[in-house]
Every structure is written in structure tokens, then in C-alpha cells.
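Engineer: Below you'll find protein28.cif; it's mmCIF, C-alpha atoms and all ligand atoms.
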```
data_query
#
loop_
_atom_site.label_atom_id
_atom_site.label_comp_id
_atom_site.auth_asym_id
_atom_site.auth_seq_id
_atom_site.Cartn_x
_atom_site.Cartn_y
_atom_site.Cartn_z
CA MET D 1 18.36 20.55 13.10
CA PRO D 2 18.90 18.30 10.05
CA ALA D 3 17.40 19.44 6.77
CA VAL D 4 16.77 18.37 3.21
CA ARG D 5 18.25 21.32 1.39
CA ASN D 6 17.29 23.29 -1.72
CA ALA D 7 14.59 20.91 -2.95
CA LEU D 8 11.69 21.50 -5.29
CA ILE D 9 8.74 20.55 -3.07
CA TRP D 10 5.29 19.37 -4.04
CA ASP D 11 2.41 17.66 -2.22
CA THR D 12 -1.31 17.44 -2.87
CA GLY D 13 -1.92 20.54 -0.76
CA ARG D 14 -0.08 22.73 -3.28
CA ASP D 15 -1.03 24.02 -6.69
CA LEU D 16 2.55 24.88 -7.59
CA ALA D 17 5.86 23.27 -6.63
CA GLU D 18 8.22 25.57 -4.73
CA TYR D 19 11.89 25.54 -3.76
CA GLY D 20 12.72 25.25 -0.08
CA ASP D 21 14.53 23.49 2.76
CA ILE D 22 12.70 20.88 4.87
CA VAL D 23 13.79 21.04 8.48
CA ILE D 24 13.27 17.92 10.58
CA LYS D 25 13.04 17.49 14.32
CA ASP D 26 12.25 14.29 16.25
CA GLY D 27 11.00 12.49 13.16
CA ARG D 28 8.64 15.27 12.09
CA ILE D 29 8.87 18.19 9.74
CA SER D 30 9.40 21.23 11.97
CA SER D 31 9.38 23.82 9.20
CA VAL D 32 9.73 24.41 5.47
CA THR D 33 11.95 27.44 4.85
CA ALA D 34 13.18 29.32 1.81
CA PRO D 35 15.94 27.43 -0.06
CA ASN D 36 19.47 27.31 1.44
CA GLU D 37 18.32 28.97 4.65
CA ALA D 38 18.29 26.06 7.07
CA GLU D 39 21.28 25.68 9.32
CA GLY D 40 22.60 22.43 10.76
CA PRO D 41 23.43 19.06 9.24
CA ILE D 42 22.33 18.34 5.68
CA LEU D 43 20.37 15.09 5.26
CA TYR D 44 20.35 15.47 1.50
CA ASP D 45 21.41 18.39 -0.66
CA CYS D 46 19.03 18.55 -3.61
CA ARG D 47 20.99 21.43 -5.23
CA GLY D 48 17.77 22.59 -6.86
CA LYS D 49 17.78 19.48 -9.06
CA CYS D 50 15.73 17.05 -7.01
CA LEU D 51 12.05 17.02 -6.18
CA VAL D 52 10.73 16.08 -2.75
CA LEU D 53 7.33 14.40 -2.58
CA PRO D 54 5.58 12.70 0.35
CA GLY D 55 6.53 9.01 0.57
CA LEU D 56 4.35 6.57 -1.35
CA VAL D 57 1.97 4.27 0.57
CA ASN D 58 1.38 0.77 -0.73
CA ALA D 59 -2.02 0.32 0.90
CA HIS D 60 -2.57 -3.36 0.12
CA THR D 61 0.07 -6.02 -0.30
CA HIS D 62 1.39 -9.35 0.95
CA VAL D 63 5.10 -8.61 1.16
CA SER D 64 6.38 -12.13 1.71
CA MET D 65 4.79 -13.23 -1.57
CA THR D 66 7.95 -11.88 -3.21
CA LEU D 67 9.10 -15.50 -2.72
CA LEU D 68 6.16 -16.68 -4.88
CA ARG D 69 6.79 -14.27 -7.77
CA GLY D 70 6.35 -15.86 -11.18
CA LEU D 71 4.46 -18.96 -9.99
CA GLY D 72 1.24 -19.99 -11.77
CA GLU D 73 1.42 -17.23 -14.35
CA GLU D 74 -1.70 -16.51 -16.39
CA LEU D 75 -4.19 -18.60 -14.41
CA PRO D 76 -7.63 -17.29 -13.26
CA LEU D 77 -7.71 -16.12 -9.62
CA MET D 78 -9.37 -19.14 -7.97
CA GLU D 79 -7.33 -21.66 -9.96
CA TRP D 80 -4.14 -19.67 -9.31
CA LEU D 81 -4.86 -19.60 -5.56
CA ARG D 82 -5.93 -23.22 -5.20
CA LYS D 83 -3.40 -24.89 -7.51
CA LYS D 84 -0.30 -22.75 -7.08
CA ILE D 85 -0.43 -20.33 -4.18
CA PHE D 86 -2.23 -22.10 -1.31
CA PRO D 87 -0.15 -25.35 -1.56
CA ILE D 88 3.13 -23.39 -1.24
CA GLU D 89 1.71 -21.10 1.43
CA ASP D 90 0.94 -24.23 3.48
CA ARG D 91 4.69 -24.91 3.59
CA LEU D 92 6.03 -21.42 4.26
CA THR D 93 8.09 -21.16 7.45
CA ALA D 94 8.65 -18.16 9.70
CA GLN D 95 12.12 -17.87 8.15
CA ASN D 96 10.58 -17.73 4.65
CA ILE D 97 8.18 -14.98 5.71
CA ARG D 98 11.07 -12.92 7.04
CA SER D 99 13.27 -13.30 3.99
CA GLY D 100 10.36 -12.48 1.65
CA ALA D 101 9.45 -9.42 3.74
CA ASP D 102 13.05 -8.15 3.77
CA LEU D 103 13.23 -8.57 0.00
CA ALA D 104 10.00 -6.60 -0.44
CA VAL D 105 11.08 -3.81 1.90
CA MET D 106 14.29 -3.48 -0.11
CA GLU D 107 12.34 -3.22 -3.37
CA MET D 108 9.88 -0.70 -1.93
CA LEU D 109 12.42 1.57 -0.22
CA ALA D 110 14.37 1.85 -3.48
CA ALA D 111 11.15 3.02 -5.16
CA GLY D 112 10.13 5.70 -2.65
CA VAL D 113 7.62 3.68 -0.62
CA THR D 114 7.61 4.75 3.03
CA CYS D 115 4.62 2.74 4.28
CA PHE D 116 2.80 -0.46 3.36
CA ALA D 117 -0.30 -2.34 4.55
CA ASP D 118 0.24 -6.08 4.77
CA MET D 119 -1.93 -9.14 5.33
CA TYR D 120 -0.24 -12.52 5.80
CA TYR D 121 0.88 -14.85 8.61
CA PHE D 122 3.92 -15.28 10.87
CA MET D 123 3.39 -11.52 11.06
CA ASP D 124 5.87 -11.13 13.93
CA GLU D 125 8.52 -11.73 11.26
CA VAL D 126 7.10 -8.94 9.10
CA ALA D 127 6.95 -6.67 12.17
CA MET D 128 10.64 -7.37 12.88
CA SER D 129 11.50 -6.58 9.27
CA VAL D 130 9.61 -3.27 9.64
CA LEU D 131 11.26 -2.39 12.96
CA GLU D 132 14.77 -3.20 11.77
CA SER D 133 14.49 -1.58 8.33
CA GLY D 134 12.90 1.65 9.58
CA ILE D 135 9.92 1.57 7.18
CA ARG D 136 6.33 2.20 8.36
CA ALA D 137 3.56 -0.43 8.11
CA ALA D 138 -0.01 -1.45 8.90
CA LEU D 139 -0.02 -5.17 9.69
CA CYS D 140 -2.67 -7.84 10.13
CA ARG D 141 -2.74 -11.61 10.44
CA GLY D 142 -4.78 -13.03 7.55
CA ILE D 143 -7.65 -15.10 8.99
CA MET D 144 -9.37 -17.81 6.93
CA GLY D 145 -12.19 -20.04 8.14
CA ASP D 146 -13.64 -20.01 11.65
CA ASP D 147 -10.40 -20.27 13.62
CA PRO D 148 -10.24 -18.69 17.08
CA GLY D 149 -6.49 -19.50 17.15
CA LYS D 150 -5.81 -17.20 14.21
CA LEU D 151 -7.88 -14.41 15.74
CA ALA D 152 -5.92 -14.88 18.97
CA GLU D 153 -2.67 -14.61 16.99
CA ASN D 154 -3.92 -11.40 15.37
CA LEU D 155 -4.83 -9.98 18.79
CA ALA D 156 -1.40 -10.92 20.16
CA LEU D 157 0.16 -9.11 17.18
CA ALA D 158 -1.88 -6.02 18.08
CA GLU D 159 -0.92 -6.31 21.75
CA THR D 160 2.78 -6.48 20.93
CA TYR D 161 3.14 -4.13 17.97
CA ASN D 162 0.22 -1.70 17.64
CA GLY D 163 1.70 1.79 17.95
CA ARG D 164 5.27 0.45 18.27
CA GLU D 165 7.79 3.26 17.67
CA GLY D 166 4.89 5.17 16.10
CA ARG D 167 5.65 3.15 12.97
CA ILE D 168 3.23 0.21 13.15
CA THR D 169 -0.54 0.02 13.23
CA VAL D 170 -2.22 -3.39 13.57
CA GLN D 171 -5.58 -4.32 12.06
CA LEU D 172 -7.58 -7.55 12.22
CA GLY D 173 -7.30 -9.42 8.91
CA PRO D 174 -10.31 -11.52 7.90
CA HIS D 175 -9.24 -12.67 4.42
CA ALA D 176 -12.43 -12.36 2.31
CA PRO D 177 -16.19 -13.05 2.35
CA TYR D 178 -15.59 -16.34 0.51
CA THR D 179 -13.00 -17.63 3.01
CA VAL D 180 -14.50 -16.49 6.33
CA PRO D 181 -18.00 -17.71 7.37
CA ARG D 182 -20.35 -14.93 8.34
CA PRO D 183 -20.60 -15.74 12.09
CA ALA D 184 -16.79 -15.74 12.35
CA LEU D 185 -16.65 -12.42 10.51
CA GLU D 186 -19.23 -10.93 12.88
CA LYS D 187 -17.11 -12.06 15.82
CA ILE D 188 -14.00 -10.44 14.27
CA ALA D 189 -15.89 -7.18 13.64
CA GLU D 190 -17.16 -7.15 17.23
CA THR D 191 -13.65 -7.79 18.54
CA ALA D 192 -12.26 -4.96 16.39
CA ARG D 193 -14.81 -2.54 17.85
CA ASP D 194 -14.13 -3.72 21.43
CA LYS D 195 -10.35 -3.33 21.02
CA ASN D 196 -10.52 -0.17 18.90
CA LEU D 197 -8.71 -1.85 16.00
CA GLY D 198 -9.08 -1.51 12.27
CA ILE D 199 -9.94 -4.27 9.78
CA HIS D 200 -8.20 -5.13 6.51
CA PHE D 201 -10.36 -7.26 4.18
CA HIS D 202 -10.37 -8.41 0.54
CA TRP D 203 -13.59 -7.12 -1.02
CA LEU D 204 -15.33 -8.02 -4.28
CA GLU D 205 -12.20 -8.71 -6.28
CA THR D 206 -13.95 -10.91 -8.87
CA LYS D 207 -17.40 -10.93 -10.46
CA GLY D 208 -18.03 -14.38 -9.00
CA GLU D 209 -17.97 -12.84 -5.52
CA LEU D 210 -20.69 -10.34 -6.44
CA ASP D 211 -22.74 -13.21 -7.94
CA SER D 212 -22.41 -15.11 -4.65
CA PHE D 213 -23.88 -12.20 -2.72
CA ARG D 214 -26.89 -12.10 -4.98
CA ASN D 215 -27.42 -15.81 -5.60
CA GLU D 216 -26.25 -17.49 -2.37
CA TYR D 217 -26.21 -14.92 0.44
CA LYS D 218 -29.33 -13.21 -1.03
CA MET D 219 -28.20 -9.77 0.02
CA GLU D 220 -26.50 -6.68 -1.32
CA PRO D 221 -22.81 -6.13 -0.53
CA ALA D 222 -23.31 -2.78 1.24
CA ASP D 223 -25.92 -4.37 3.55
CA TYR D 224 -23.44 -7.14 4.35
CA LEU D 225 -20.76 -4.61 5.38
CA GLU D 226 -23.31 -2.91 7.62
CA GLN D 227 -24.92 -6.02 9.13
CA THR D 228 -21.67 -7.85 9.89
CA GLY D 229 -20.45 -4.79 11.78
CA LEU D 230 -17.41 -4.29 9.55
CA LEU D 231 -18.34 -0.65 8.93
CA GLY D 232 -17.90 0.04 12.64
CA ALA D 233 -14.16 -0.75 12.66
CA LYS D 234 -11.74 2.02 13.56
CA GLU D 235 -10.44 1.88 10.02
CA LEU D 236 -11.82 -0.44 7.35
CA ILE D 237 -9.32 -1.13 4.56
CA LEU D 238 -11.14 -2.81 1.66
CA ALA D 239 -8.80 -4.20 -0.97
CA HIS D 240 -9.80 -4.35 -4.67
CA CYS D 241 -13.53 -3.39 -4.60
CA VAL D 242 -13.62 -4.09 -8.37
CA TRP D 243 -17.25 -5.23 -8.25
CA HIS D 244 -18.65 -2.99 -5.50
CA PRO D 245 -21.97 -1.82 -6.99
CA VAL D 246 -21.85 1.88 -7.85
CA ASP D 247 -25.35 2.44 -6.48
CA GLN D 248 -24.09 1.27 -3.08
CA LEU D 249 -21.30 3.80 -2.59
CA PRO D 250 -23.01 6.23 -0.17
CA ALA D 251 -22.89 3.58 2.60
CA VAL D 252 -19.08 3.40 2.37
CA ALA D 253 -18.33 7.11 1.83
CA ARG D 254 -17.17 7.43 5.45
CA ASP D 255 -13.98 8.70 6.99
CA ASN D 256 -13.08 5.29 8.47
CA VAL D 257 -13.43 3.43 5.15
CA THR D 258 -10.79 3.22 2.40
CA PHE D 259 -11.07 1.41 -0.93
CA VAL D 260 -7.66 0.24 -2.10
CA HIS D 261 -7.36 0.15 -5.88
CA ASN D 262 -4.92 -2.49 -7.21
CA PRO D 263 -5.10 -1.94 -10.97
CA LYS D 264 -2.18 -4.10 -12.07
CA SER D 265 -3.18 -7.14 -10.03
CA ASN D 266 -6.79 -6.80 -11.21
CA MET D 267 -5.66 -6.60 -14.82
CA LYS D 268 -3.18 -9.44 -14.54
CA LEU D 269 -5.69 -11.80 -12.93
CA GLY D 270 -8.42 -10.70 -15.34
CA SER D 271 -10.63 -9.49 -12.48
CA GLY D 272 -11.91 -6.29 -14.12
CA TYR D 273 -11.84 -2.49 -13.78
CA ALA D 274 -12.71 -0.92 -10.42
CA PRO D 275 -14.96 2.08 -11.18
CA ILE D 276 -12.74 4.60 -9.38
CA LYS D 277 -14.32 7.52 -11.23
CA GLU D 278 -17.60 6.73 -9.44
CA PHE D 279 -15.82 5.92 -6.15
CA ILE D 280 -14.18 9.35 -6.12
CA SER D 281 -17.26 11.28 -7.23
CA SER D 282 -19.26 9.57 -4.46
CA GLY D 283 -16.78 10.76 -1.83
CA VAL D 284 -15.20 7.37 -1.11
CA ARG D 285 -11.54 7.58 -0.06
CA VAL D 286 -9.47 5.65 -2.62
CA ALA D 287 -5.87 4.55 -2.00
CA LEU D 288 -3.50 2.55 -4.21
CA GLY D 289 -1.77 -0.78 -3.68
CA THR D 290 0.26 -3.32 -5.59
CA ASP D 291 -1.22 -6.48 -4.00
CA GLY D 292 1.34 -9.28 -3.65
CA ALA D 293 4.31 -9.67 -5.99
CA ALA D 294 2.88 -12.97 -7.25
CA SER D 295 0.05 -11.12 -9.01
CA ASN D 296 1.67 -7.86 -10.15
CA ASN D 297 4.69 -8.73 -10.37
CA ARG D 298 6.33 -5.56 -9.02
CA LEU D 299 5.97 -3.70 -5.75
CA ASP D 300 6.39 -0.46 -7.67
CA MET D 301 3.91 2.26 -6.76
CA TRP D 302 5.12 4.47 -9.62
CA ASP D 303 4.03 1.76 -11.98
CA GLU D 304 0.72 1.49 -10.14
CA MET D 305 0.15 5.26 -10.38
CA ARG D 306 0.87 5.35 -14.10
CA PHE D 307 -1.31 2.32 -14.75
CA ALA D 308 -4.24 3.75 -12.77
CA ALA D 309 -3.95 7.14 -14.47
CA LEU D 310 -3.98 5.65 -17.97
CA LEU D 311 -6.36 2.74 -17.48
CA HIS D 312 -9.37 4.77 -16.36
CA LYS D 313 -9.01 7.33 -19.13
CA GLY D 314 -9.15 4.56 -21.71
CA TYR D 315 -11.94 2.67 -19.98
CA ASN D 316 -14.12 5.77 -19.56
CA LEU D 317 -13.19 7.29 -22.95
CA ASP D 318 -12.39 10.43 -20.96
CA PRO D 319 -8.92 12.01 -20.49
CA THR D 320 -10.10 14.01 -17.46
CA VAL D 321 -10.61 10.90 -15.29
CA ALA D 322 -7.94 9.90 -12.73
CA GLY D 323 -5.82 13.04 -13.12
CA ALA D 324 -2.21 13.04 -11.93
CA ARG D 325 -3.02 15.08 -8.84
CA GLU D 326 -5.83 12.71 -7.86
CA ILE D 327 -3.55 9.71 -8.43
CA LEU D 328 -0.80 11.19 -6.24
CA LYS D 329 -3.39 11.90 -3.54
CA MET D 330 -4.39 8.23 -3.65
CA ALA D 331 -0.75 7.12 -3.45
CA THR D 332 0.23 9.42 -0.57
CA VAL D 333 -2.18 11.03 1.88
CA ASN D 334 -5.17 8.78 1.18
CA GLY D 335 -3.01 5.72 1.79
CA SER D 336 -1.54 7.13 5.01
CA ARG D 337 -4.92 8.06 6.44
CA GLY D 338 -6.53 4.86 5.29
CA VAL D 339 -4.04 2.62 7.10
CA GLY D 340 -4.11 4.57 10.35
CA PHE D 341 -1.36 7.21 10.06
CA ARG D 342 -3.34 10.44 10.05
CA ASP D 343 -0.38 12.79 10.37
CA ALA D 344 1.56 11.86 7.23
CA GLY D 345 1.17 12.61 3.53
CA PHE D 346 2.17 16.29 3.24
CA ILE D 347 5.47 18.16 3.26
CA ALA D 348 4.40 20.57 5.97
CA ALA D 349 5.21 21.47 9.56
CA GLY D 350 3.93 18.93 12.08
CA GLN D 351 3.73 16.05 9.59
CA ARG D 352 5.78 12.87 9.98
CA ALA D 353 8.99 13.30 7.98
CA ASP D 354 8.24 10.60 5.37
CA MET D 355 9.36 11.55 1.88
CA MET D 356 11.09 10.52 -1.30
CA ILE D 357 13.69 12.48 -3.19
CA VAL D 358 13.40 12.30 -6.96
CA ASP D 359 16.14 13.17 -9.45
CA MET D 360 14.78 15.57 -12.04
CA ASP D 361 18.16 16.10 -13.67
CA ASN D 362 17.32 13.53 -16.33
CA PRO D 363 15.69 13.61 -19.77
CA ARG D 364 12.20 12.69 -18.58
CA TYR D 365 11.78 15.94 -16.64
CA VAL D 366 12.97 18.46 -19.23
CA GLY D 367 10.14 20.91 -19.82
CA ARG D 368 8.51 20.70 -16.39
CA ASP D 369 7.56 23.89 -14.62
CA PRO D 370 6.18 24.57 -11.12
CA GLY D 371 2.64 23.93 -12.35
CA SER D 372 3.26 20.62 -14.11
CA VAL D 373 5.26 18.63 -11.56
CA PRO D 374 2.53 16.07 -10.68
CA GLU D 375 1.83 15.37 -14.35
CA PHE D 376 5.56 14.89 -15.10
CA VAL D 377 5.84 12.53 -12.12
CA VAL D 378 2.86 10.35 -13.04
CA TYR D 379 3.13 10.29 -16.84
CA ALA D 380 6.87 10.63 -17.47
CA GLY D 381 8.48 9.63 -14.17
CA SER D 382 9.70 6.25 -13.00
CA SER D 383 10.78 4.62 -9.76
CA ARG D 384 14.29 4.66 -11.29
CA ASP D 385 14.30 8.40 -10.55
CA VAL D 386 14.14 7.87 -6.75
CA ARG D 387 17.41 8.99 -5.13
CA ALA D 388 16.48 8.76 -1.46
CA THR D 389 13.72 7.54 0.83
CA ILE D 390 13.23 9.01 4.28
CA VAL D 391 10.95 7.70 7.06
CA ASP D 392 10.51 9.53 10.37
CA GLY D 393 13.37 11.80 9.33
CA LYS D 394 15.81 8.90 8.87
CA VAL D 395 17.43 8.31 5.50
CA LEU D 396 16.82 4.60 4.77
CA TYR D 397 17.89 4.60 1.12
CA LYS D 398 20.27 7.00 -0.57
CA ASP D 399 21.90 6.93 -4.01
CA GLY D 400 21.55 3.17 -4.44
CA GLU D 401 22.59 2.20 -0.90
CA PHE D 402 20.46 1.01 2.01
CA THR D 403 21.40 2.38 5.41
CA THR D 404 19.63 -0.24 7.52
CA LEU D 405 19.56 -3.29 5.24
CA ASP D 406 22.29 -5.71 4.15
CA SER D 407 21.15 -6.08 0.55
CA GLU D 408 23.53 -8.92 -0.40
CA LYS D 409 22.46 -10.97 2.59
CA ILE D 410 18.77 -10.35 1.87
CA LEU D 411 19.11 -11.33 -1.81
CA SER D 412 20.94 -14.54 -1.00
CA ALA D 413 18.54 -15.57 1.80
CA ALA D 414 15.52 -14.94 -0.44
CA SER D 415 17.07 -16.85 -3.36
CA ARG D 416 17.86 -19.79 -1.11
CA ASP D 417 14.33 -19.82 0.37
CA ARG D 418 12.68 -19.56 -3.04
CA ALA D 419 14.74 -22.50 -4.32
CA SER D 420 13.78 -24.62 -1.30
CA LEU D 421 10.05 -23.89 -1.80
CA THR D 422 9.89 -24.87 -5.45
CA ARG D 423 12.34 -27.77 -5.36
NI NI D 501 -4.49 -9.22 -1.67
#
```
Spell out the structure here as C-alpha cells.
Ligand code: NI
Structural biologist:
Amino acid sequence: MPAVRNALIWDTGRDLAEYGDIVIKDGRISSVTAPNEAEGPILYDCRGKCLVLPGLVNAHTHVSMTLLRGLGEELPLMEWLRKKIFPIEDRLTAQNIRSGADLAVMEMLAAGVTCFADMYYFMDEVAMSVLESGIRAALCRGIMGDDPGKLAENLALAETYNGREGRITVQLGPHAPYTVPRPALEKIAETARDKNLGIHFHWLETKGELDSFRNEYKMEPADYLEQTGLLGAKELILAHCVWHPVDQLPAVARDNVTFVHNPKSNMKLGSGYAPIKEFISSGVRVALGTDGAASNNRLDMWDEMRFAALLHKGYNLDPTVAGAREILKMATVNGSRGVGFRDAGFIAAGQRADMMIVDMDNPRYVGRDPGSVPEFVVYAGSSRDVRATIVDGKVLYKDGEFTTLDSEKILSAASRDRASLTR
């Protein structure tokens, strides 16, 4: 059986990193043995110099927005959306969605991302990009307004792709409380429960949204989640949650609910600081995401981890908040579980063989020891250190080369599409 050989291995289930071989069978880890013991083909020989970590999960993004990167810089969220983003989104074609998705998958695979959760449209194109590239994804069709056609499209996406190759989950994708009227949202929540589907929703990204709950809807956000039926979805992925009131966390501390923290996008758009210290202490599952490339502007989860780890220490005046181990938990197993893949996120027998291989033979890792690996990764490491990315036991990226993607073709198609959109 193929194996990743002689690697230093760490995941959030371990106190200390240990050397070993990771043996893979049928897309899953079949065993972790002592180093240089596994027989059979070598997927990657770490020679004791590379670290293996579970693959990173980008739990909230809009991959095709790579084509919109750099547009409308430094505008407030609503102005940015209405003046710059929505007018171009109105003109995006299926071809554009595909080329933007391919570009994003390339960027993410090179940075150790093995799974992403996406909300956009022409989602069949994103699904094809996922199937052809070999990456894992949770997909939904973003629904704005009261539009049964869009819900039907989302259901067709689920019908065709949910569970496909064990690599895709499909959620329903109501966009946000301010873009979907309440009766339509209730209908979506009911449909999700009937079809046993999850929901992916933007939630309290800006202070203005919290003000709307109190001044216009005359209700508290947690009551809205309950009364609309959203809390009953198989999995409820809530993106941002910057302004979710901290006294209303018990209602969402449930196994089917995940708050996705997007620190860089929230900072860049001036939306605020999500109180993740309180989220975590209340038992809410927190994952990490980049949001779209137009508001980040990278799809780099290493960057996101480092930002999250530093930001909350400064904000809380407390260096114990958002520790490296907690941050890696958010970026790996919490993301996997949150987006519907409950058997990924650890380097252990029976888990899906999703992992990244990190070169530690470089200056940033001198001084690490088995007890300080997560701290070196989060505070000193960089996505530049990723040497290989493996999904379902298949090497998709190795030493600068993509095994399933034609990178030149993807770069030229995306450049051409971007030029046509902004001409
Ligand atoms: Ni978003």
C-alpha cells in the first residue's frame, strides 16, 4: 500500500509530534507506523525533514471571485457590493465561473488546502472544477430575494453532486438576512430539513445588520435563527458572525452549527472583530475561512491562521487567547466537520487521507521540538513551506507541480476572462 514515509506527524489529537509512516488504502489512512517501516510504493519521502499535518479547510469562500480580485479596494461593504461587485457579478458567465474556480483551486492546493466551502452561482462549473482537480468541497447556490428558480437550481445541484465521489457535499445557500425575505428563508429552511441538507448563510457580518434586527425586525438574532427553522438544518454554516451577541451563544452551541471566522475579510472591509474567545468558551464550533479573493485578497489559510492568532491576542490584551493549537483545530477538523465531512481532520487510521506536507528544512523551523510544532507552524510558518497536498490519498500538488491541473492554461484563461470583465 502507498505511504508517506518518515514524516514528522502532528494533528490536534496529539500533544507531541512524532515520526512515522502514513499508510493509505482506498483514499483513507489505514495505519500510522513507525518511521521507514511501511512497505510498498512511496507517495512522498519526507526523509525526516517534512511535517505532515491534516489538510486545511477553507470553510467560507466564493472561489470564482478570484476574477474580481483588486476591484473596489477600500470601500465599505455595502458600497463595495453595490457599486463594484454586484454589477460585474450580473455579467459573469458560466465560463468565467469555471476559470475563476480553477484559478482558486490552484492557489489553494499550492497552500495546503484540501477542502473548501463555496457559495456562488453556475455552481455546476465549480463542481466540475472540484471533480477534475481532485480537491474536496461543500457547495451551495447563493440565493438572493424570493426566487423559487434559484432554490430549484440549488436542489438540482444537490441532486446531481451531493455525495459525489465522497468529495462533495451540497448545502442550500440563502445569501444573508438582508438579501432574503423572511418567508423565503423559512421555505429554504423547511426544504433543507425535508431533504436532509445543510445551509450555508452569511450572518451578522456588519454592525448595520445587528441594528436591523433590533430596529426593523424587532427581534434578537438567536430567536431569528430558531424561528426561521435555520437551526434545524443538517449542518448550519454561518459565515462571519462578527456581531452575533455574546449573550446569545448558548442557542448556537450545537453540533450541527459552525461559525466561520474570516478575520482578514472582516478587517479589510472594516466590519469588526468577531469575539471568538467568547464563541469558543461558550462551546460554539469555530472554523476559519478566507471569504472571496475580492475581500482578502488571498486564499491563503496560513495567512488566515496567523492573522486570527495575533488579532485576538491584541484585541483582548491577552496572549493566551486563540492559541496555535486552537487555531489549527479551527483550520482543520472544525472546518471538515462543519462542512459535512465528519471523517477528516486527523492523521489517524480510518480518516480520509487529506493532508499537507510541509518543508521544515528551512530557517523558520530551526529550534522546533516535538512539543512546539503547532506554534512554529502558526507563528513562524508560511504557505510557501507547503511541498505537497494530498486529498483522498492522491497527490494533487507536489514540489511546485500540479498533477491534475494545467496551470498555464488556467492562468491564461483567467487572465483573459478578467480582462473581458473589466474592459
Ligand atoms: Ni462571503
Engineer: Select from segment 182-247 of chain D every residue with an atom at most 9 Å from any atom of segment 41-63 of chain D, then for each give the shortest pair of atoms and their distance in Å to one decimal, using all atoms listed in the file, rows by chain and rising number, as JSON lines.
Structural biologist:
```
{"residue": "D:His200", "atom": "CA", "partner": "D:His60", "partner_atom": "CA", "distance": 8.7}
{"residue": "D:Ile237", "atom": "CA", "partner": "D:Ala59", "partner_atom": "CA", "distance": 8.3}
{"residue": "D:Leu238", "atom": "CA", "partner": "D:His60", "partner_atom": "CA", "distance": 8.7}
{"residue": "D:Ala239", "atom": "CA", "partner": "D:His60", "partner_atom": "CA", "distance": 6.4}
{"residue": "D:His240", "atom": "CA", "partner": "D:His60", "partner_atom": "CA", "distance": 8.7}
```
Engineer: Point out the residue among D:Gly335, D:Asp194, D:Arg342, D:Met219 with the least atom-to-atom distance to His261 of chain D, counting all atoms listed in the file.
Structural biologist: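 Of the candidates, the smallest distance to His261 of chain D is held by D:Gly335.
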Engineer: So, counting all atoms listed in the file, which residue among D:Leu269, D:Ile9, D:Ala104, D:Leu231 is closest to ligand NI 501 (chain D)?
Structural biologist: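 For ligand NI 501 (chain D), the nearest of the given residues is D:Leu269.
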Engineer: Can you pull out the residues contacting Ala287 of chain D? Cut-off 8 Å, using only C-alpha atoms, and skip same-chain residues under 6 positions away; I want them as a count of residues only.
Structural biologist: 12
Engineer: What would the list of residues within 7 Å of (15.9, 14.0, -9.4) (file frame) look like as a PyMOL selection string, if all atoms listed in the file are what count?
Structural biologist: chain D and resi 49-51+357-361+385-387
Engineer: Set the distance at 10 Å and use all atoms listed in the file: which residues neighbour Lys264 of chain D once local chain neighbours fewer than 6 positions away are removed? I'd like the list as a list in words.
Structural biologist: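 Here the qualifying residues turn out to be Gly270, Tyr273, Gly289, Thr290, Asp291, Ser295, Asn296, Asn297, Arg298, Asp303, Glu304, Met305, Phe307, Ala308 and Leu311 of chain D.
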Engineer: Counting all atoms listed in the file, which residues have an atom no more than 8 Å from (-15.2, -7.3, 12.7) in the file's coordinates? Please list them as a compact mmCIF listing (two decimals) with C-alpha atoms, in the frame of the given file.
Structural biologist:
```txt
# COMPACT_ATOMS: atom_id res chain seq x y z
CA LEU D 172 -7.58 -7.55 12.22
CA LEU D 185 -16.65 -12.42 10.51
CA GLU D 186 -19.23 -10.93 12.88
CA LYS D 187 -17.11 -12.06 15.82
CA ILE D 188 -14.00 -10.44 14.27
CA ALA D 189 -15.89 -7.18 13.64
CA GLU D 190 -17.16 -7.15 17.23
CA THR D 191 -13.65 -7.79 18.54
CA ALA D 192 -12.26 -4.96 16.39
CA ARG D 193 -14.81 -2.54 17.85
CA ILE D 199 -9.94 -4.27 9.78
CA THR D 228 -21.67 -7.85 9.89
CA GLY D 229 -20.45 -4.79 11.78
CA LEU D 230 -17.41 -4.29 9.55
CA GLY D 232 -17.90 0.04 12.64
CA ALA D 233 -14.16 -0.75 12.66
```
Engineer: Give me, as a VMD selection string, all polymer residues having an atom no more than 12 Å from Val32 of chain D, counting all atoms listed in the file and skipping those fewer than 2 positions away in the same chain.
Structural biologist: chain D and resid 2 to 10 18 to 25 28 to 30 34 to 38 52 346 to 351 353
Engineer: From the list D:Thr160, D:Ser407, D:Asn262, D:Asn96, which residue is nearest ligand NI 501 (chain D) when using all atoms listed in the file?
Structural biologist: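 Once distances to ligand NI 501 (chain D) are computed over all atoms listed in the file, the minimum belongs to D:Asn262.
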Engineer: Work out how far atom CA of Lys409 of chain D is from atom CA of Gly142 of chain D, in Å to one decimal.
Structural biologist: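 Separation between atom CA of Gly142 of chain D and atom CA of Lys409 of chain D: 27.8 Å.
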